[in-house]
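Below: the structure, in structure tokens.
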Amino acid sequence: MARAAAPEQNLPSVDEIFAQLRSGAANVAGVTYQVSLAALLLAGGRSRQGAFPVVTAVRPEGFEDIDLCLDDGSWLLVQSKQRGGERPIGIAEIARIIVHASQVESGRDYDGNVAGFAIVTNGSFAIEPTGWAATVSENEDLLVAVQKALSSVGREPKGAPQLVARTRLVITEDSLASHIESQLISAFDVAPVVAAIARTRLTADLGELSASQRGGVASTALHMGASDLDVLVTDVQGTVDVSALEEALRSGVCELANFARGSADSETQFFAGVRVVPGHVGSNRDVVRVPECLSILDALRASRHVLVVGPSGTGKSGLLWRSASMLEDGPILVRVLRVETENDVEQLVRYAKVLAPSEQRRVLVCVDDIGRTSTELWPIARDRLLELPGVSVLGASRQEDLLPSTAIGATLVDSRLTTESAERIYERLVAAGLPIEAEPEEAISRAQGLLMEFVAIATTGHRLREVLRSQIAALRSAENEVALDLLGIVTALHTLGRFVDANQLPASTGQTATKVSQQLARLQDEHLLVTEDGTNWRALHDLRAEVILDLIHETPPPTLAATYAKAIDATPAGARPALYCRAAVRVVRSLQPNARSDAAARLTLFHQALAPLVASICARIDALVAASTPSVASEIAALVDAAERFDVAAYAASTLEHVQRHTPATIDVSGYYLLAHSSKFGRIFDGNDAFQQIASIGEGLPDWDSSSRRQVLDRLTDNAISQVLVETDLDAAVRFSERLEGFRVLPRDQVIRVYQAHNAQAPATIERADIVAQLIATLAVVSGSQGAEFSDLFGPIEGRATWAVASDDHAFEVKIDFPNKATLPDSPSSMARVRTYTEDSFCKISARAFLRRDAAVSRGYQPQPSHDRTSVNAQAVFLAQRIFDACPEADLVAVEVVTANLVAPIDGGEDHEVWRTAKAGVGRAIDRYSSNCR
């Protein structure tokens, strides 16, 4: 049913829309079309490439918008007209501009050096433009209009022919940034990134010059000459570390956003669903979504950190790059390609620093796919980038990938499709000749703000899911089994943020390379998969990947977890642990257990669903243990971490509904969940009637299930565990050892080997002391030792207590006693004491410290939420935690925090005593203690 009807025209005109967007963009970019044009003309005159006049100097805000000094000493007066849209500059308006520009010639001191006039626009004229090389030929209508305009201001109309004959009509691109940079590259033979920096400095300088010119007089008017441009570019070349910029480009971390590169995708391919990049915007494949773009521009004007957020299929990437393109004449636009490692972070930050951003010469860092594997460390990079003056950030994230760490401090802009934008897209679909099977009102109503759904409904009459279901059904046959298998692997990894290397697919599917190649080509022909380089494969779009993967697993086998396990096997080893974690979360989210089942039954169901992923990790662990090479230690540690995440994901997903059902409507569910969890496993509300309801909810939670971690740890030999602990760095060794607590006991000789391998004796700094103390604490647990036995493992207690205190420059005294057990005070902990140092005595360590007035020292221990880490209590607990961790044989730690003022050296003190308590289960060493201030 082909329709050609477009929506009713209740929308603002194209020109009105253009004015809105350009105004918003100019406010954010800080650079006007007039300033950019002046920069282009000066750079073009210097390069002498193209049809530009040979300009030796520009005078902004002179007799006209821009006065150009030509190589013969004469002046060409330019009026710039930023337009756009469909309304051309009419003959009457051209005449008025010519007469206005020529009024300088009526001055009593005019020296006759005006060569002519130019009207330059990014729009269009009602008559034929001339370009820079020619002037207007005879045009009777324009001649009459100029005569009338002259008469209206009291000037002699007979001068009209001469004025018209000296006038140029020039049309430019809407954005001039790339043209300015190409002229600078041609004139000075500089790298593109140097040209970009020089362009921002040039426009900033011309902007300041333009502002200072207003209200002045001709005799004192300032100009910028070709020699000034030479100095500016030379200065940029001398101060910019081009090698640092090129390093980031070569490694694929970032690049300058390039809208001039264009895209080979047709309109049909674009609307079928693609990963939108700057080239699509440069080729005008997208439809400008005015309300959404204005929201983004408004947010950027008010905030340095803006995120475009919405579900898959709402057009976030298109909005990101279209909005960025509107700012192209202003800040340098940096496109982030990858932030996966700490080295990526360093290269990106170094790249931004080399661009020398400032409030006058700004940099906008643009990043898509926040929350995916390729941007794993974006929050760290973002924080460091925003420390630089003049740097702003514009990002896009799927709603399901948005985390507190990625959203913190950001202004969020909703990417869902507005009715106005949907109507414009519908017009574009009709104009492109695509089949139309639904009226716009129906498509808008059924799409629910999803751009991809809107296009699918408009062009097929069906939702995207229905369209793809028919394609998947056609693949459900024995002869198409390989194609369906490949489709599952590629779309599974797409949902995890990864492309698939075709070279890995024969091994993953057990098929020949020829068979895999044939089936990939078929899936590409059916618009289910796509490759941009012939090697890396992905789905056409995020939403399509999600829907296809769901349809494939409607009737298992295979299960979703099994497909993820097979897909992850096709990825580089270093990427797998993070992918396992992401896959586990998606698997538990996909399950819909019986609403009447209890939390324990759901927990069992979730662990069963995760079994293929656990089995995949175990198989990888077996291979790594068999290899026994130094390079496997960090991967083993990461895989154990991933298994623990499985247990966490399964437990949270299975118990959240139980807590939600009992949470009062006025209370935040997440906070209530944490309290219920703490009540279950920490017994923190025992005997407290005020929290009886929370305690009751906690009692309804099932016991913790660590079966995923246990299965993985069971594959490790003692030697393999020792190898991991020895060969990873200190932080990783602590985390890995904590994963062993309650599951494995290491021989004492292995514990000694690990401790000595990390050169853990007498750390000098407080940061090092914190982490070494934590290493001792966790090794103490996995060693199964007690009391005086710890001295055999970690050295004398006196030495450990001394460095635990001495590493803090505010702590100044430590004392160790072994009093009779009968004098041991009652513990404030609700948990029973299992043993003391010996049957007859307990170990007490006393320490003193001055109150620290700031939190400048970075510590390995974090204060409790909402607690001030500079408070007396927090500082006492920090010190006690370090002592307890460094001295696991201690039963009691007493800390005195001394405050001082200018009147007396010691004003007073507060004593804090912390008791060693037993704790079931596992966790960070600092969680094994309770504290009391009195």
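Residues are named by chain letter and number: chains run A, B, ... in the order of the structure tokens, numbers start at 1 in each chain, and ligands are numbered from 1 in the order shown.
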Item to check | Nearby residues (only C-alpha atoms) at most 12 Å from Ser597 of chain A, same-chain spacing under 4 positions excluded, as JSON, numbers by chain | outcome: {"A": [592, 593, 601, 602, 603, 604, 605, 654, 655, 657, 658]}
Next on the checklist: Env of Ser251 of chain A: 9 Å cut, atoms = only C-alpha atoms, seq-sep filter 5 positions within chain, self excluded. Answer as a PyMOL selection string.
Outcome noted: chain A and resi 246+344+347
Residues from last step as file, C-alpha atoms, as a tab-separated table (two decimals), in the first residue's frame:
```tsv
chain	number	residue	atom	x	y	z
A	246	GLU	CA	49.62	11.66	16.12
A	344	ASP	CA	43.83	5.20	26.38
A	347	GLN	CA	46.51	9.51	25.48
```
Next on the checklist: When you look at Phe606 of chain A with a cut-off of 10 Å (counting only C-alpha atoms), what residues show up, excluding the ones that are within fewer than 3 positions of it in the same chain? I need them as a PyMOL selection string.
Outcome noted: chain A and resi 584+587-589+591-593+600-603+609-611+646-647+649-651+653-654
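Residue neighbourhood of segment 749-752 of chain A, excluding near-sequence residues (fewer than 6 positions): A:Ser722, A:Leu779, A:Ser783, A:Leu793, A:Phe794, at 8 Å, using only C-alpha atoms.
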Next on the checklist: Taking only segment 627-817 of chain A into account, list the residues labelled strand (DSSP E or B) by DSSP (computed from the backbone), as a VMD selection string.
Outcome noted: chain A and resid 811 to 817
